[in-house]
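Participant: One structure, pasted below without further comment.
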Amino acid sequence: MMAIAAVRLLTDDEEWLSVYVTTARHLLAGRDIYEQPHGYTYPPFPVLLAVPFVSLGDVARRVLWFALNVVAMAATLRLAWRLAGGGPLGRDTARKGDRLAACLGLLAGLPFLLNSLVHQQTD
């Protein structure tokens with residue numbers, strides 16, 4: 001996780017910035033978000049999420065967006081555990097088979113989780 005954070009915070013090639021934050025700038029300027037040179041083709045809601053980040057500095061924008069991605073990922077994993085019937089975290093109430101199923105599910109979904117962090121998209 002720390003390696004991904006370092007790469008995301010130190011590299012200039014950031015899809016989220018070039019697509020969503022740029023489109024949010026166009027939206028705030030009153031332009032049509034679908035008539036841009038970079039060809040925004042996504043639904044408009046993610047652009048609204050990017051609007052608060054337009055006025056932030058580059059480092060603050062990267063750190064805050066990465067932190068939001070990590071929090072969203074943790075919440076998703078916790079809610080998935082609870083939805084699957086798992087007990088409160090911190091208590092060892094899960095059966096061995098439940099823990100195995102959770103680990104296998106996490107292993108299967110790990111590439112998608114990492115992809116979301118690496119590309120900083122709204123996935």
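Following the order of the structure tokens, chains are lettered A, B, ..., residues in each are numbered from 1, and ligands are numbered from 1.
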As a list of chain:residue names, please: the residues near Leu77 of chain A (cut-off 12 Å, only C-alpha atoms, same-chain neighbours under 3 positions excluded).
Facilitator: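 Residues near the query, excluding close chain neighbours: A:Val70, A:Val71, A:Ala72, A:Met73, A:Ala74, A:Ala80, A:Trp81, A:Arg82, A:Leu83, A:Ala84, A:Gly86, A:Leu89, A:Ala102, A:Cys103, A:Gly105, A:Leu106, A:Gly109, A:Leu110, A:Leu113.
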Participant: Using backbone DSSP assignments, extract all alpha helix (DSSP H) residues from segment 47-114 of chain A; output them as a tab-separated table (two decimals) with N, CA and C atoms, in the first residue's frame.
Facilitator:
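Printed below is part07.tsv as written:
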chain	number	residue	atom	x	y	z
A	47	VAL	N	-17.74	14.06	-12.33
A	47	VAL	CA	-17.20	15.41	-12.47
A	47	VAL	C	-17.61	16.26	-11.27
A	48	LEU	N	-18.84	16.05	-10.80
A	48	LEU	CA	-19.29	16.80	-9.62
A	48	LEU	C	-18.45	16.44	-8.39
A	49	LEU	N	-18.03	15.18	-8.29
A	49	LEU	CA	-17.15	14.77	-7.19
A	49	LEU	C	-15.79	15.45	-7.28
A	50	ALA	N	-15.35	15.77	-8.49
A	50	ALA	CA	-14.04	16.38	-8.68
A	50	ALA	C	-14.05	17.88	-8.49
A	58	ASP	N	-1.67	20.87	-6.08
A	58	ASP	CA	-1.41	19.55	-6.65
A	58	ASP	C	-1.17	18.49	-5.58
A	59	VAL	N	-0.33	18.78	-4.60
A	59	VAL	CA	-0.01	17.79	-3.56
A	59	VAL	C	-1.24	17.52	-2.70
A	60	ALA	N	-1.94	18.56	-2.29
A	60	ALA	CA	-3.14	18.38	-1.47
A	60	ALA	C	-4.19	17.57	-2.21
A	61	ARG	N	-4.35	17.87	-3.49
A	61	ARG	CA	-5.33	17.14	-4.31
A	61	ARG	C	-4.99	15.66	-4.38
A	62	ARG	N	-3.74	15.34	-4.61
A	62	ARG	CA	-3.32	13.93	-4.72
A	62	ARG	C	-3.47	13.19	-3.40
A	63	VAL	N	-3.02	13.82	-2.31
A	63	VAL	CA	-3.08	13.17	-1.00
A	63	VAL	C	-4.54	12.94	-0.59
A	64	LEU	N	-5.37	13.96	-0.75
A	64	LEU	CA	-6.77	13.84	-0.34
A	64	LEU	C	-7.51	12.80	-1.17
A	65	TRP	N	-7.29	12.80	-2.49
A	65	TRP	CA	-7.99	11.82	-3.34
A	65	TRP	C	-7.52	10.40	-3.03
A	66	PHE	N	-6.22	10.21	-2.81
A	66	PHE	CA	-5.71	8.88	-2.46
A	66	PHE	C	-6.31	8.43	-1.12
A	67	ALA	N	-6.35	9.33	-0.15
A	67	ALA	CA	-6.92	8.99	1.16
A	67	ALA	C	-8.40	8.62	1.02
A	68	LEU	N	-9.14	9.34	0.22
A	68	LEU	CA	-10.55	9.00	0.00
A	68	LEU	C	-10.70	7.64	-0.65
A	69	ASN	N	-9.81	7.31	-1.58
A	69	ASN	CA	-9.84	5.99	-2.21
A	69	ASN	C	-9.59	4.89	-1.19
A	70	VAL	N	-8.63	5.08	-0.31
A	70	VAL	CA	-8.31	4.08	0.70
A	70	VAL	C	-9.47	3.91	1.68
A	71	VAL	N	-10.07	5.01	2.11
A	71	VAL	CA	-11.21	4.95	3.03
A	71	VAL	C	-12.38	4.24	2.35
A	72	ALA	N	-12.65	4.57	1.10
A	72	ALA	CA	-13.75	3.93	0.37
A	72	ALA	C	-13.50	2.43	0.22
A	73	MET	N	-12.25	2.06	-0.04
A	73	MET	CA	-11.92	0.64	-0.18
A	73	MET	C	-12.12	-0.10	1.15
A	74	ALA	N	-11.67	0.50	2.24
A	74	ALA	CA	-11.83	-0.13	3.55
A	74	ALA	C	-13.31	-0.27	3.90
A	75	ALA	N	-14.09	0.77	3.62
A	75	ALA	CA	-15.52	0.70	3.90
A	75	ALA	C	-16.20	-0.37	3.05
A	76	THR	N	-15.82	-0.47	1.80
A	76	THR	CA	-16.40	-1.48	0.92
A	76	THR	C	-16.09	-2.88	1.42
A	77	LEU	N	-14.85	-3.12	1.81
A	77	LEU	CA	-14.47	-4.44	2.31
A	77	LEU	C	-15.21	-4.77	3.61
A	78	ARG	N	-15.31	-3.79	4.48
A	78	ARG	CA	-16.01	-4.03	5.75
A	78	ARG	C	-17.50	-4.31	5.51
A	79	LEU	N	-18.13	-3.52	4.66
A	79	LEU	CA	-19.55	-3.72	4.37
A	79	LEU	C	-19.78	-5.05	3.66
A	80	ALA	N	-18.87	-5.45	2.79
A	80	ALA	CA	-19.00	-6.74	2.11
A	80	ALA	C	-18.92	-7.88	3.13
A	81	TRP	N	-18.02	-7.74	4.09
A	81	TRP	CA	-17.89	-8.76	5.14
A	81	TRP	C	-19.18	-8.86	5.94
A	82	ARG	N	-19.74	-7.71	6.32
A	82	ARG	CA	-20.97	-7.71	7.10
A	82	ARG	C	-22.15	-8.23	6.28
A	83	LEU	N	-22.21	-7.86	5.01
A	83	LEU	CA	-23.29	-8.33	4.13
A	83	LEU	C	-23.24	-9.84	3.95
A	96	LYS	N	-13.92	-20.95	10.54
A	96	LYS	CA	-12.74	-21.12	9.70
A	96	LYS	C	-13.11	-21.05	8.21
A	97	GLY	N	-14.21	-21.69	7.83
A	97	GLY	CA	-14.64	-21.67	6.44
A	97	GLY	C	-15.02	-20.28	5.97
A	98	ASP	N	-15.60	-19.47	6.86
A	98	ASP	CA	-15.96	-18.10	6.52
A	98	ASP	C	-14.71	-17.26	6.26
A	99	ARG	N	-13.73	-17.43	7.11
A	99	ARG	CA	-12.48	-16.70	6.92
A	99	ARG	C	-11.79	-17.12	5.64
A	100	LEU	N	-11.83	-18.41	5.32
A	100	LEU	CA	-11.23	-18.90	4.09
A	100	LEU	C	-11.95	-18.31	2.88
A	101	ALA	N	-13.28	-18.30	2.91
A	101	ALA	CA	-14.06	-17.73	1.81
A	101	ALA	C	-13.76	-16.25	1.64
A	102	ALA	N	-13.64	-15.53	2.75
A	102	ALA	CA	-13.33	-14.10	2.68
A	102	ALA	C	-11.94	-13.88	2.08
A	103	CYS	N	-10.98	-14.68	2.48
A	103	CYS	CA	-9.61	-14.54	1.94
A	103	CYS	C	-9.57	-14.87	0.45
A	104	LEU	N	-10.28	-15.92	0.04
A	104	LEU	CA	-10.32	-16.26	-1.38
A	104	LEU	C	-11.01	-15.17	-2.20
A	105	GLY	N	-12.10	-14.63	-1.67
A	105	GLY	CA	-12.79	-13.53	-2.35
A	105	GLY	C	-11.92	-12.29	-2.46
A	106	LEU	N	-11.20	-11.99	-1.39
A	106	LEU	CA	-10.29	-10.85	-1.40
A	106	LEU	C	-9.16	-11.08	-2.40
A	107	LEU	N	-8.64	-12.28	-2.43
A	107	LEU	CA	-7.59	-12.61	-3.39
A	107	LEU	C	-8.08	-12.45	-4.83
A	108	ALA	N	-9.31	-12.89	-5.09
A	108	ALA	CA	-9.87	-12.76	-6.44
A	108	ALA	C	-10.10	-11.30	-6.82
A	109	GLY	N	-10.47	-10.48	-5.84
A	109	GLY	CA	-10.75	-9.08	-6.12
A	109	GLY	C	-9.56	-8.16	-6.00
A	110	LEU	N	-8.43	-8.67	-5.51
A	110	LEU	CA	-7.26	-7.84	-5.28
A	110	LEU	C	-6.78	-7.08	-6.52
A	111	PRO	N	-6.72	-7.70	-7.70
A	111	PRO	CA	-6.29	-6.92	-8.88
A	111	PRO	C	-7.19	-5.71	-9.14
A	112	PHE	N	-8.47	-5.85	-8.90
A	112	PHE	CA	-9.39	-4.74	-9.13
A	112	PHE	C	-9.21	-3.65	-8.08
A	113	LEU	N	-8.96	-4.05	-6.84
A	113	LEU	CA	-8.70	-3.08	-5.78
A	113	LEU	C	-7.42	-2.29	-6.06
A	114	LEU	N	-6.38	-3.00	-6.45
A	114	LEU	CA	-5.10	-2.34	-6.74
A	114	LEU	C	-5.22	-1.45	-7.96
Participant: Rounded to one decimal in Å, what is the spacing between atom CA of Pro52 of chain A and atom CA of Leu117 of chain A?
Facilitator: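 Computing the Euclidean distance for atom CA of Pro52 of chain A and atom CA of Leu117 of chain A yields 19.7 Å.
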Participant: Can you work out which one of A:Tyr40, A:Ser55, A:Asp32, A:Arg95 has the shortest atom-to-atom distance to Glu15 of chain A, counting only C-alpha atoms?
Facilitator: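 Closest residue, counting only C-alpha atoms: A:Tyr40.
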Participant: When distances are computed from only C-alpha atoms, which of A:Asn115, A:Phe53, A:Gly30, A:Gly39 shows the smallest separation from Leu17 of chain A?
Facilitator: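 Under the stated criterion, the closest residue is A:Phe53.
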Participant: Between atom CA of Tyr20 of chain A and atom CA of Val118 of chain A, what is the distance, to one decimal in Å?
Facilitator: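 These atoms are spaced 15.5 Å apart.
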Participant: Could you tell me how far atom CA of His119 of chain A lies from atom CA of Arg25 of chain A, in Å and to one decimal?
Facilitator: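 Interatomic distance here is 20.0 Å.
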